[in-house]
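query-v1.json follows; it contains JSON, C-alpha atoms.
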[["chain", "number", "residue", "atom", "x", "y", "z"],
["A", 845, "MET", "CA", 49.88, -103.97, 134.39],
["A", 846, "ALA", "CA", 53.25, -105.48, 135.30],
["A", 847, "LYS", "CA", 53.17, -107.97, 138.10],
["A", 848, "TYR", "CA", 54.54, -106.61, 141.38],
["A", 849, "ASP", "CA", 57.49, -108.72, 142.44],
["A", 850, "ARG", "CA", 58.68, -107.85, 145.94],
["A", 851, "LYS", "CA", 61.64, -110.19, 145.56],
["A", 852, "ASP", "CA", 62.85, -109.11, 142.12],
["A", 853, "LYS", "CA", 66.47, -109.16, 140.93],
["A", 854, "LEU", "CA", 67.42, -105.94, 142.75],
["A", 855, "HIS", "CA", 65.87, -107.25, 145.95],
["A", 856, "GLN", "CA", 68.02, -110.35, 145.66],
["A", 857, "ARG", "CA", 71.07, -108.24, 144.81],
["A", 858, "ALA", "CA", 70.53, -106.04, 147.85],
["A", 859, "LYS", "CA", 70.32, -109.12, 150.05],
["A", 860, "LYS", "CA", 73.55, -110.45, 148.54],
["A", 861, "ASP", "CA", 75.28, -107.08, 148.97],
["A", 862, "GLY", "CA", 74.18, -106.86, 152.59],
["A", 863, "LEU", "CA", 72.01, -103.77, 152.02],
["A", 864, "ARG", "CA", 68.75, -103.09, 153.82],
["A", 865, "SER", "CA", 66.66, -102.47, 150.71],
["A", 866, "ARG", "CA", 66.74, -102.38, 146.93],
["A", 867, "ALA", "CA", 66.07, -98.64, 147.22],
["A", 868, "ALA", "CA", 69.78, -98.19, 147.91],
["A", 869, "TYR", "CA", 70.43, -98.66, 144.19],
["A", 870, "LYS", "CA", 68.10, -95.75, 143.40],
["A", 871, "LEU", "CA", 70.31, -93.32, 145.28],
["A", 872, "GLU", "CA", 73.37, -94.84, 143.62],
["A", 873, "GLU", "CA", 71.77, -94.29, 140.21],
["A", 874, "ILE", "CA", 70.84, -90.69, 141.04],
["A", 875, "GLN", "CA", 74.35, -90.02, 142.33],
["A", 876, "LYS", "CA", 75.91, -91.45, 139.17],
["A", 877, "GLN", "CA", 73.81, -89.13, 137.00],
["A", 878, "PHE", "CA", 73.82, -85.94, 139.05],
["A", 879, "LYS", "CA", 76.64, -86.09, 141.65],
["A", 880, "ILE", "CA", 74.23, -84.81, 144.30],
["A", 881, "LEU", "CA", 76.37, -85.70, 147.32],
["A", 882, "GLN", "CA", 79.99, -84.76, 147.98],
["A", 883, "LYS", "CA", 82.55, -85.76, 150.58],
["A", 884, "GLY", "CA", 82.01, -83.79, 153.78],
["A", 885, "ASP", "CA", 78.36, -82.95, 153.04],
["A", 886, "ARG", "CA", 75.73, -82.71, 155.77],
["A", 887, "VAL", "CA", 72.64, -84.52, 154.52],
["A", 888, "LEU", "CA", 69.08, -85.12, 155.75],
["A", 889, "ASP", "CA", 66.96, -88.15, 154.81],
["A", 890, "LEU", "CA", 63.24, -87.58, 155.36],
["A", 891, "GLY", "CA", 61.38, -90.85, 155.76],
["A", 892, "CYS", "CA", 64.55, -92.91, 156.05],
["A", 893, "TRP", "CA", 63.25, -96.39, 157.00],
["A", 894, "PRO", "CA", 64.54, -99.07, 156.45],
["A", 895, "GLY", "CA", 67.86, -97.28, 155.87],
["A", 896, "GLY", "CA", 68.95, -98.08, 152.32],
["A", 897, "TRP", "CA", 69.59, -94.45, 151.41],
["A", 898, "LEU", "CA", 71.38, -93.88, 154.73],
["A", 899, "GLU", "CA", 73.80, -96.71, 153.95],
["A", 900, "ILE", "CA", 74.68, -95.31, 150.53],
["A", 901, "GLY", "CA", 74.68, -91.71, 151.71],
["A", 902, "SER", "CA", 77.08, -92.58, 154.52],
["A", 903, "LYS", "CA", 79.63, -93.85, 152.00],
["A", 904, "LEU", "CA", 79.17, -90.89, 149.65],
["A", 905, "VAL", "CA", 79.71, -88.16, 152.28],
["A", 906, "GLY", "CA", 82.55, -90.07, 153.95],
["A", 907, "PRO", "CA", 83.89, -89.79, 157.51],
["A", 908, "SER", "CA", 84.05, -85.99, 157.31],
["A", 909, "GLY", "CA", 80.37, -85.78, 156.41],
["A", 910, "LYS", "CA", 77.18, -86.71, 158.24],
["A", 911, "ILE", "CA", 73.73, -87.96, 157.34],
["A", 912, "ALA", "CA", 70.74, -87.84, 159.65],
["A", 913, "GLY", "CA", 67.42, -89.54, 159.04],
["A", 914, "VAL", "CA", 63.95, -89.45, 160.53],
["A", 915, "ASP", "CA", 61.01, -91.81, 160.15],
["A", 916, "ARG", "CA", 57.90, -92.80, 162.03],
["A", 917, "ALA", "CA", 59.37, -96.32, 162.19],
["A", 918, "GLU", "CA", 62.60, -97.17, 163.96],
["A", 919, "VAL", "CA", 65.60, -98.06, 161.82],
["A", 920, "ASP", "CA", 66.38, -101.42, 163.37],
["A", 921, "PRO", "CA", 69.01, -102.66, 163.72],
["A", 922, "PRO", "CA", 70.74, -99.27, 163.91],
["A", 923, "ILE", "CA", 73.19, -98.41, 161.14],
["A", 924, "PRO", "CA", 76.66, -98.81, 162.68],
["A", 925, "GLU", "CA", 78.52, -96.10, 160.73],
["A", 926, "LYS", "CA", 79.56, -93.22, 162.97],
["A", 927, "ASN", "CA", 78.45, -90.57, 160.47],
["A", 928, "VAL", "CA", 74.81, -91.76, 160.54],
["A", 929, "THR", "CA", 72.18, -90.62, 163.06],
["A", 930, "THR", "CA", 68.51, -91.61, 163.07],
["A", 931, "PHE", "CA", 65.54, -90.86, 165.27],
["A", 932, "ILE", "CA", 61.80, -91.48, 165.37],
["A", 933, "GLY", "CA", 59.58, -88.58, 164.40],
["A", 934, "ASP", "CA", 56.82, -87.37, 162.13],
["A", 935, "LEU", "CA", 57.47, -84.87, 159.33],
["A", 936, "GLU", "CA", 54.45, -82.90, 160.53],
["A", 937, "ASP", "CA", 55.76, -82.52, 164.09],
["A", 938, "SER", "CA", 56.12, -78.84, 165.05],
["A", 939, "ASP", "CA", 59.73, -79.30, 166.20],
["A", 940, "ILE", "CA", 60.92, -81.65, 163.46],
["A", 941, "ALA", "CA", 63.09, -79.10, 161.62],
["A", 942, "VAL", "CA", 64.94, -78.23, 164.84],
["A", 943, "ARG", "CA", 65.46, -81.90, 165.70],
["A", 944, "LEU", "CA", 66.79, -82.69, 162.24],
["A", 945, "LEU", "CA", 69.32, -79.88, 162.27],
["A", 946, "GLU", "CA", 70.42, -80.80, 165.78],
["A", 947, "ALA", "CA", 71.00, -84.37, 164.59],
["A", 948, "LEU", "CA", 73.42, -83.06, 161.96],
["A", 949, "GLU", "CA", 75.44, -81.36, 164.71],
["A", 950, "LEU", "CA", 75.78, -78.18, 162.68],
["A", 951, "GLY", "CA", 77.03, -74.88, 163.97],
["A", 952, "ASP", "CA", 74.63, -72.14, 164.95],
["A", 953, "GLY", "CA", 72.41, -71.19, 162.02],
["A", 954, "ALA", "CA", 74.00, -73.69, 159.61],
["A", 955, "LEU", "CA", 71.81, -75.73, 157.28],
["A", 956, "ALA", "CA", 72.06, -78.98, 155.32],
["A", 957, "ASP", "CA", 73.90, -79.35, 152.02],
["A", 958, "ALA", "CA", 71.26, -81.74, 150.72],
["A", 959, "VAL", "CA", 67.79, -82.99, 151.61],
["A", 960, "LEU", "CA", 66.67, -86.41, 150.38],
["A", 961, "SER", "CA", 63.35, -88.20, 150.56],
["A", 962, "ASP", "CA", 62.38, -91.61, 149.25],
["A", 963, "ALA", "CA", 59.30, -91.58, 151.47],
["A", 964, "ALA", "CA", 55.87, -92.73, 150.35],
["A", 965, "PRO", "CA", 52.62, -93.15, 152.26],
["A", 966, "LYS", "CA", 51.33, -96.62, 152.98],
["A", 967, "LEU", "CA", 48.91, -97.57, 150.24],
["A", 968, "THR", "CA", 45.33, -98.37, 151.15],
["A", 969, "GLY", "CA", 44.18, -99.41, 147.70],
["A", 970, "VAL", "CA", 41.66, -96.57, 147.65],
["A", 971, "ARG", "CA", 42.87, -94.13, 145.01],
["A", 972, "GLU", "CA", 41.39, -90.98, 146.55],
["A", 973, "THR", "CA", 42.81, -91.81, 149.98],
["A", 974, "ASP", "CA", 46.23, -92.72, 148.62],
["A", 975, "ARG", "CA", 46.44, -89.51, 146.60],
["A", 976, "ALA", "CA", 45.38, -87.44, 149.60],
["A", 977, "ASN", "CA", 48.04, -89.09, 151.76],
["A", 978, "GLU", "CA", 50.71, -88.53, 149.09],
["A", 979, "GLU", "CA", 49.67, -84.87, 148.84],
["A", 980, "ARG", "CA", 49.91, -84.44, 152.60],
["A", 981, "LEU", "CA", 53.37, -86.03, 152.70],
["A", 982, "LEU", "CA", 54.69, -83.88, 149.85],
["A", 983, "GLU", "CA", 53.29, -80.73, 151.42],
["A", 984, "ALA", "CA", 55.03, -81.55, 154.71],
["A", 985, "ILE", "CA", 58.35, -81.98, 152.93],
["A", 986, "GLU", "CA", 57.79, -78.87, 150.81],
["A", 987, "SER", "CA", 57.29, -76.79, 153.95],
["A", 988, "LEU", "CA", 60.44, -78.22, 155.57],
["A", 989, "VAL", "CA", 62.88, -77.60, 152.71],
["A", 990, "PRO", "CA", 63.32, -73.83, 153.32],
["A", 991, "LYS", "CA", 63.95, -74.53, 157.01],
["A", 992, "LEU", "CA", 66.54, -77.24, 156.39],
["A", 993, "LEU", "CA", 68.41, -76.56, 153.15],
["A", 994, "LYS", "CA", 71.20, -74.04, 152.68],
["A", 995, "PRO", "CA", 71.36, -71.70, 149.66],
["A", 996, "GLU", "CA", 72.59, -73.55, 146.55],
["A", 997, "GLY", "CA", 71.77, -76.85, 148.26],
["A", 998, "SER", "CA", 70.43, -79.98, 146.53],
["A", 999, "PHE", "CA", 67.14, -81.83, 146.87],
["A", 1000, "VAL", "CA", 65.87, -85.26, 145.79],
["A", 1001, "ILE", "CA", 62.30, -86.43, 146.35],
["A", 1002, "LYS", "CA", 60.11, -89.28, 145.17],
["A", 1003, "ILE", "CA", 56.93, -88.24, 143.37],
["A", 1004, "LEU", "CA", 54.05, -90.63, 142.72],
["A", 1005, "GLU", "CA", 51.60, -90.25, 139.88],
["A", 1006, "GLY", "CA", 48.60, -88.03, 140.47],
["A", 1007, "PRO", "CA", 47.42, -84.48, 139.74],
["A", 1008, "GLU", "CA", 47.90, -83.32, 143.33],
["A", 1009, "ALA", "CA", 51.51, -84.48, 143.37],
["A", 1010, "GLN", "CA", 52.20, -82.79, 140.04],
["A", 1011, "VAL", "CA", 50.99, -79.44, 141.37],
["A", 1012, "ILE", "CA", 53.33, -79.66, 144.37],
["A", 1013, "ASP", "CA", 56.15, -80.82, 142.07],
["A", 1014, "LYS", "CA", 55.78, -77.61, 140.04],
["A", 1015, "ARG", "CA", 55.84, -75.47, 143.18],
["A", 1016, "MET", "CA", 58.97, -77.15, 144.52],
["A", 1017, "ARG", "CA", 60.79, -76.71, 141.21],
["A", 1018, "LYS", "CA", 60.48, -72.95, 141.53],
["A", 1019, "MET", "CA", 62.67, -73.01, 144.63],
["A", 1020, "PHE", "CA", 65.68, -74.23, 142.62],
["A", 1021, "ALA", "CA", 67.89, -73.00, 139.81],
["A", 1022, "LYS", "CA", 67.82, -76.41, 138.12],
["A", 1023, "ALA", "CA", 65.30, -79.23, 138.41],
["A", 1024, "LYS", "CA", 64.71, -82.40, 136.46],
["A", 1025, "THR", "CA", 62.32, -85.31, 136.74],
["A", 1026, "VAL", "CA", 63.85, -88.74, 136.19],
["A", 1027, "LYS", "CA", 62.50, -92.26, 135.91],
["A", 1028, "LEU", "CA", 65.09, -94.65, 137.30],
["A", 1029, "GLU", "CA", 66.11, -97.99, 135.85],
["A", 1030, "SER", "CA", 66.15, -99.31, 139.42],
["A", 1031, "THR", "CA", 62.46, -98.52, 139.91],
["A", 1032, "ARG", "CA", 60.22, -101.58, 139.92],
["A", 1033, "LYS", "CA", 58.48, -102.27, 136.63],
["A", 1034, "GLY", "CA", 54.92, -101.01, 136.71],
["A", 1035, "SER", "CA", 55.61, -98.40, 139.38],
["A", 1036, "THR", "CA", 54.45, -94.83, 138.78],
["A", 1037, "GLU", "CA", 57.24, -93.33, 140.88],
["A", 1038, "ARG", "CA", 59.69, -90.79, 139.54],
["A", 1039, "TYR", "CA", 62.21, -88.53, 141.20],
["A", 1040, "LEU", "CA", 62.56, -84.78, 141.24],
["A", 1041, "VAL", "CA", 66.27, -83.95, 141.34],
["A", 1042, "ALA", "CA", 66.85, -80.27, 142.06],
["A", 1043, "ARG", "CA", 69.99, -78.18, 142.59],
["A", 1044, "GLY", "CA", 70.81, -74.59, 143.39],
["A", 1045, "PHE", "CA", 68.29, -73.88, 146.15],
["A", 1046, "LYS", "CA", 67.21, -70.25, 145.90],
["A", 1047, "GLY", "CA", 64.48, -70.19, 148.50],
["A", 1048, "LEU", "CA", 60.85, -69.26, 148.34],
["A", 1049, "GLU", "CA", 59.65, -66.82, 145.69],
["A", 1050, "ALA", "CA", 59.36, -63.27, 146.91]]
Show the structure stored in the file as structure tokens.
Amino acid sequence: MAKYDRKDKLHQRAKKDGLRSRAAYKLEEIQKQFKILQKGDRVLDLGCWPGGWLEIGSKLVGPSGKIAGVDRAEVDPPIPEKNVTTFIGDLEDSDIAVRLLEALELGDGALADAVLSDAAPKLTGVRETDRANEERLLEAIESLVPKLLKPEGSFVIKILEGPEAQVIDKRMRKMFAKAKTVKLESTRKGSTERYLVARGFKGLEA
């Protein structure tokens, strides 16, 4: 197994570039391949701490767009860009969908152009517990997507290795016209993470 290096080259690059985390380069890589975000888009980031994807997303949607993020941990210090909003919340809260859409300042009944999530549960080292926590997180996000994402919208989510995650992955794919799993060059060596990149949201199956 590859040695985990918290302060690898991308970590050092992020520090040099003034970014909050090396994860910022993951969204840049996804954007380069798939052009997920456009100028003027309204975007939601589920599990946004420490804010790396918010920083990149803010630049991609521009001043006419907006990105709102939620996490159980506070994004501190706050991101200064005017098109970024964050708040503390849990993805399993009963009112979380309403709060997220309110944070985007959309018109009545309007939904997000894209939903992003680089979230992952805190690892305990116990495989069964970690897989159960990952399954619970993915299920929470899966249930939120139809409430948050507009028709033809785009979706990006991190998937960790495990049979439970793969089952949910397959279910989520069915909600979109196009879906692809990618392993990013910016992912740490030895990590099992991959990303589901989906476009053309068509809703739940009848």
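Ranking A:Arg886, A:Ser961, A:Trp893, A:Lys1002 by their shortest atom-to-atom distance to Ala947 in chain A, with all atoms listed in the file included, puts A:Arg886 first.
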Got a sec: who's within 9 Å of Leu1028 in chain A, counting only C-alpha atoms, leaving out chain neighbours fewer than 6 positions off, as number ranges by chain? A: 870, 873-874, 1037-1039
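Comparing A:Val1041, A:Leu888, A:Leu898, A:Ala868 by their smallest distance to Ala956 in chain A, the closest is A:Leu888 (using all atoms listed in the file).
With all atoms listed in the file as the basis for measurement, A:Leu890 is the residue among A:Leu890, A:Ala976, A:Leu960, A:Ala1021 that approaches Asp934 in chain A most closely.
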With all atoms listed in the file as the counted atoms, please give the residues lying no more than 12 Å from Glu872 in chain A, apart from itself and same-chain residues fewer than 4 positions off, as a list of chain:residue names. A:Arg866, A:Ala867, A:Ala868, A:Lys876, A:Gln877, A:Phe878, A:Lys879, A:Ile880, A:Leu881, A:Gly896, A:Trp897, A:Leu898, A:Glu899, A:Ile900, A:Gly901, A:Ser902, A:Lys903, A:Leu904, A:Leu1028, A:Glu1029, A:Ser1030
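When CA of Glu1005 in chain A is paired with CA of Ala1023 in chain A, their separation reads 17.6 Å.
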At a cut-off of 12 Å, using all atoms listed in the file, what residues contact Ala917 in chain A? Leave out same-chain residues fewer than 3 positions from it and give the result as a VMD selection string. chain A and resid 890 to 895 913 to 914 920 to 922 930 to 935 963
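Our summary of the geometry notes that CA of Ala964 in chain A is positioned 25.7 Å from CA of Glu996 in chain A.
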Quick one: of A:Arg916, A:Lys1046, A:Arg943, A:Arg975, who's nearest to Glu1008 in chain A, counting all atoms listed in the file? A:Arg975
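Proximity of A:Asp885, A:Glu936, A:Asp915, A:Glu946 to Lys994 in chain A, computed with only C-alpha atoms, is greatest for A:Asp885.
Reported to one decimal place, the separation of CA of Arg1043 in chain A from CA of Gln882 in chain A is 13.1 Å.
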Among the residues A:Leu955, A:Val1000, A:Val989, A:Ala1042, the one that comes closest to Arg1017 in chain A [using all atoms listed in the file]: A:Ala1042
Could you add the missing atoms to range 991-1021 of chain A, up to N, CA and C atoms, and return them as a PDB file, in the coordinates of the input?
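Result went into result.pdb, see below:
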ATOM      1  N   LYS A 991      63.447 -74.559 155.636  1.00  0.00           N
ATOM      2  CA  LYS A 991      63.950 -74.530 157.010  1.00  0.00           C
ATOM      3  C   LYS A 991      65.215 -75.366 157.184  1.00  0.00           C
ATOM      4  N   LEU A 992      65.457 -76.269 156.234  1.00  0.00           N
ATOM      5  CA  LEU A 992      66.540 -77.240 156.390  1.00  0.00           C
ATOM      6  C   LEU A 992      67.705 -77.048 155.419  1.00  0.00           C
ATOM      7  N   LEU A 993      67.427 -76.541 154.231  1.00  0.00           N
ATOM      8  CA  LEU A 993      68.410 -76.560 153.150  1.00  0.00           C
ATOM      9  C   LEU A 993      69.105 -75.220 152.969  1.00  0.00           C
ATOM     10  N   LYS A 994      70.418 -75.261 152.845  1.00  0.00           N
ATOM     11  CA  LYS A 994      71.200 -74.040 152.680  1.00  0.00           C
ATOM     12  C   LYS A 994      71.077 -73.511 151.251  1.00  0.00           C
ATOM     13  N   PRO A 995      71.368 -72.235 151.017  1.00  0.00           N
ATOM     14  CA  PRO A 995      71.360 -71.700 149.660  1.00  0.00           C
ATOM     15  C   PRO A 995      72.296 -72.495 148.757  1.00  0.00           C
ATOM     16  N   GLU A 996      71.857 -72.758 147.537  1.00  0.00           N
ATOM     17  CA  GLU A 996      72.590 -73.550 146.550  1.00  0.00           C
ATOM     18  C   GLU A 996      72.588 -75.048 146.877  1.00  0.00           C
ATOM     19  N   GLY A 997      71.837 -75.454 147.892  1.00  0.00           N
ATOM     20  CA  GLY A 997      71.770 -76.850 148.260  1.00  0.00           C
ATOM     21  C   GLY A 997      70.992 -77.694 147.258  1.00  0.00           C
ATOM     22  N   SER A 998      71.054 -79.031 147.456  1.00  0.00           N
ATOM     23  CA  SER A 998      70.430 -79.980 146.530  1.00  0.00           C
ATOM     24  C   SER A 998      69.279 -80.733 147.198  1.00  0.00           C
ATOM     25  N   PHE A 999      68.372 -81.230 146.376  1.00  0.00           N
ATOM     26  CA  PHE A 999      67.140 -81.830 146.870  1.00  0.00           C
ATOM     27  C   PHE A 999      66.732 -82.971 145.954  1.00  0.00           C
ATOM     28  N   VAL A1000      66.373 -84.111 146.549  1.00  0.00           N
ATOM     29  CA  VAL A1000      65.870 -85.260 145.790  1.00  0.00           C
ATOM     30  C   VAL A1000      64.625 -85.771 146.489  1.00  0.00           C
ATOM     31  N   ILE A1001      63.534 -85.951 145.737  1.00  0.00           N
ATOM     32  CA  ILE A1001      62.300 -86.430 146.350  1.00  0.00           C
ATOM     33  C   ILE A1001      61.548 -87.336 145.389  1.00  0.00           C
ATOM     34  N   LYS A1002      60.945 -88.373 145.959  1.00  0.00           N
ATOM     35  CA  LYS A1002      60.110 -89.280 145.170  1.00  0.00           C
ATOM     36  C   LYS A1002      58.735 -88.665 144.959  1.00  0.00           C
ATOM     37  N   ILE A1003      58.252 -88.747 143.716  1.00  0.00           N
ATOM     38  CA  ILE A1003      56.930 -88.240 143.370  1.00  0.00           C
ATOM     39  C   ILE A1003      56.117 -89.378 142.757  1.00  0.00           C
ATOM     40  N   LEU A1004      54.935 -89.627 143.293  1.00  0.00           N
ATOM     41  CA  LEU A1004      54.050 -90.630 142.720  1.00  0.00           C
ATOM     42  C   LEU A1004      53.067 -89.966 141.771  1.00  0.00           C
ATOM     43  N   GLU A1005      52.515 -90.778 140.880  1.00  0.00           N
ATOM     44  CA  GLU A1005      51.600 -90.250 139.880  1.00  0.00           C
ATOM     45  C   GLU A1005      50.335 -89.706 140.510  1.00  0.00           C
ATOM     46  N   GLY A1006      49.836 -88.615 139.968  1.00  0.00           N
ATOM     47  CA  GLY A1006      48.600 -88.030 140.470  1.00  0.00           C
ATOM     48  C   GLY A1006      48.610 -86.524 140.280  1.00  0.00           C
ATOM     49  N   PRO A1007      47.475 -85.924 139.988  1.00  0.00           N
ATOM     50  CA  PRO A1007      47.420 -84.480 139.740  1.00  0.00           C
ATOM     51  C   PRO A1007      47.851 -83.636 140.931  1.00  0.00           C
ATOM     52  N   GLU A1008      47.520 -84.080 142.140  1.00  0.00           N
ATOM     53  CA  GLU A1008      47.900 -83.320 143.330  1.00  0.00           C
ATOM     54  C   GLU A1008      49.416 -83.268 143.473  1.00  0.00           C
ATOM     55  N   ALA A1009      50.056 -84.412 143.266  1.00  0.00           N
ATOM     56  CA  ALA A1009      51.510 -84.480 143.370  1.00  0.00           C
ATOM     57  C   ALA A1009      52.183 -83.619 142.316  1.00  0.00           C
ATOM     58  N   GLN A1010      51.612 -83.577 141.119  1.00  0.00           N
ATOM     59  CA  GLN A1010      52.200 -82.790 140.040  1.00  0.00           C
ATOM     60  C   GLN A1010      52.149 -81.301 140.340  1.00  0.00           C
ATOM     61  N   VAL A1011      51.101 -80.853 140.999  1.00  0.00           N
ATOM     62  CA  VAL A1011      50.990 -79.440 141.370  1.00  0.00           C
ATOM     63  C   VAL A1011      52.082 -79.061 142.374  1.00  0.00           C
ATOM     64  N   ILE A1012      52.294 -79.929 143.361  1.00  0.00           N
ATOM     65  CA  ILE A1012      53.330 -79.660 144.370  1.00  0.00           C
ATOM     66  C   ILE A1012      54.710 -79.741 143.728  1.00  0.00           C
ATOM     67  N   ASP A1013      54.893 -80.689 142.823  1.00  0.00           N
ATOM     68  CA  ASP A1013      56.150 -80.820 142.070  1.00  0.00           C
ATOM     69  C   ASP A1013      56.493 -79.480 141.413  1.00  0.00           C
ATOM     70  N   LYS A1014      55.542 -78.888 140.736  1.00  0.00           N
ATOM     71  CA  LYS A1014      55.780 -77.610 140.040  1.00  0.00           C
ATOM     72  C   LYS A1014      56.148 -76.508 141.019  1.00  0.00           C
ATOM     73  N   ARG A1015      55.515 -76.497 142.182  1.00  0.00           N
ATOM     74  CA  ARG A1015      55.840 -75.470 143.180  1.00  0.00           C
ATOM     75  C   ARG A1015      57.270 -75.642 143.695  1.00  0.00           C
ATOM     76  N   MET A1016      57.644 -76.883 143.978  1.00  0.00           N
ATOM     77  CA  MET A1016      58.970 -77.150 144.520  1.00  0.00           C
ATOM     78  C   MET A1016      60.063 -76.798 143.519  1.00  0.00           C
ATOM     79  N   ARG A1017      59.811 -77.039 142.247  1.00  0.00           N
ATOM     80  CA  ARG A1017      60.790 -76.710 141.210  1.00  0.00           C
ATOM     81  C   ARG A1017      61.181 -75.239 141.242  1.00  0.00           C
ATOM     82  N   LYS A1018      60.233 -74.392 141.560  1.00  0.00           N
ATOM     83  CA  LYS A1018      60.480 -72.950 141.530  1.00  0.00           C
ATOM     84  C   LYS A1018      61.465 -72.499 142.595  1.00  0.00           C
ATOM     85  N   MET A1019      61.733 -73.361 143.574  1.00  0.00           N
ATOM     86  CA  MET A1019      62.670 -73.010 144.630  1.00  0.00           C
ATOM     87  C   MET A1019      64.126 -73.269 144.227  1.00  0.00           C
ATOM     88  N   PHE A1020      64.337 -73.822 143.030  1.00  0.00           N
ATOM     89  CA  PHE A1020      65.680 -74.230 142.620  1.00  0.00           C
ATOM     90  C   PHE A1020      66.067 -73.661 141.264  1.00  0.00           C
ATOM     91  N   ALA A1021      67.374 -73.498 141.085  1.00  0.00           N
ATOM     92  CA  ALA A1021      67.890 -73.000 139.810  1.00  0.00           C
ATOM     93  C   ALA A1021      67.746 -74.045 138.708  1.00  0.00           C
TER      94      ALA A1021
END
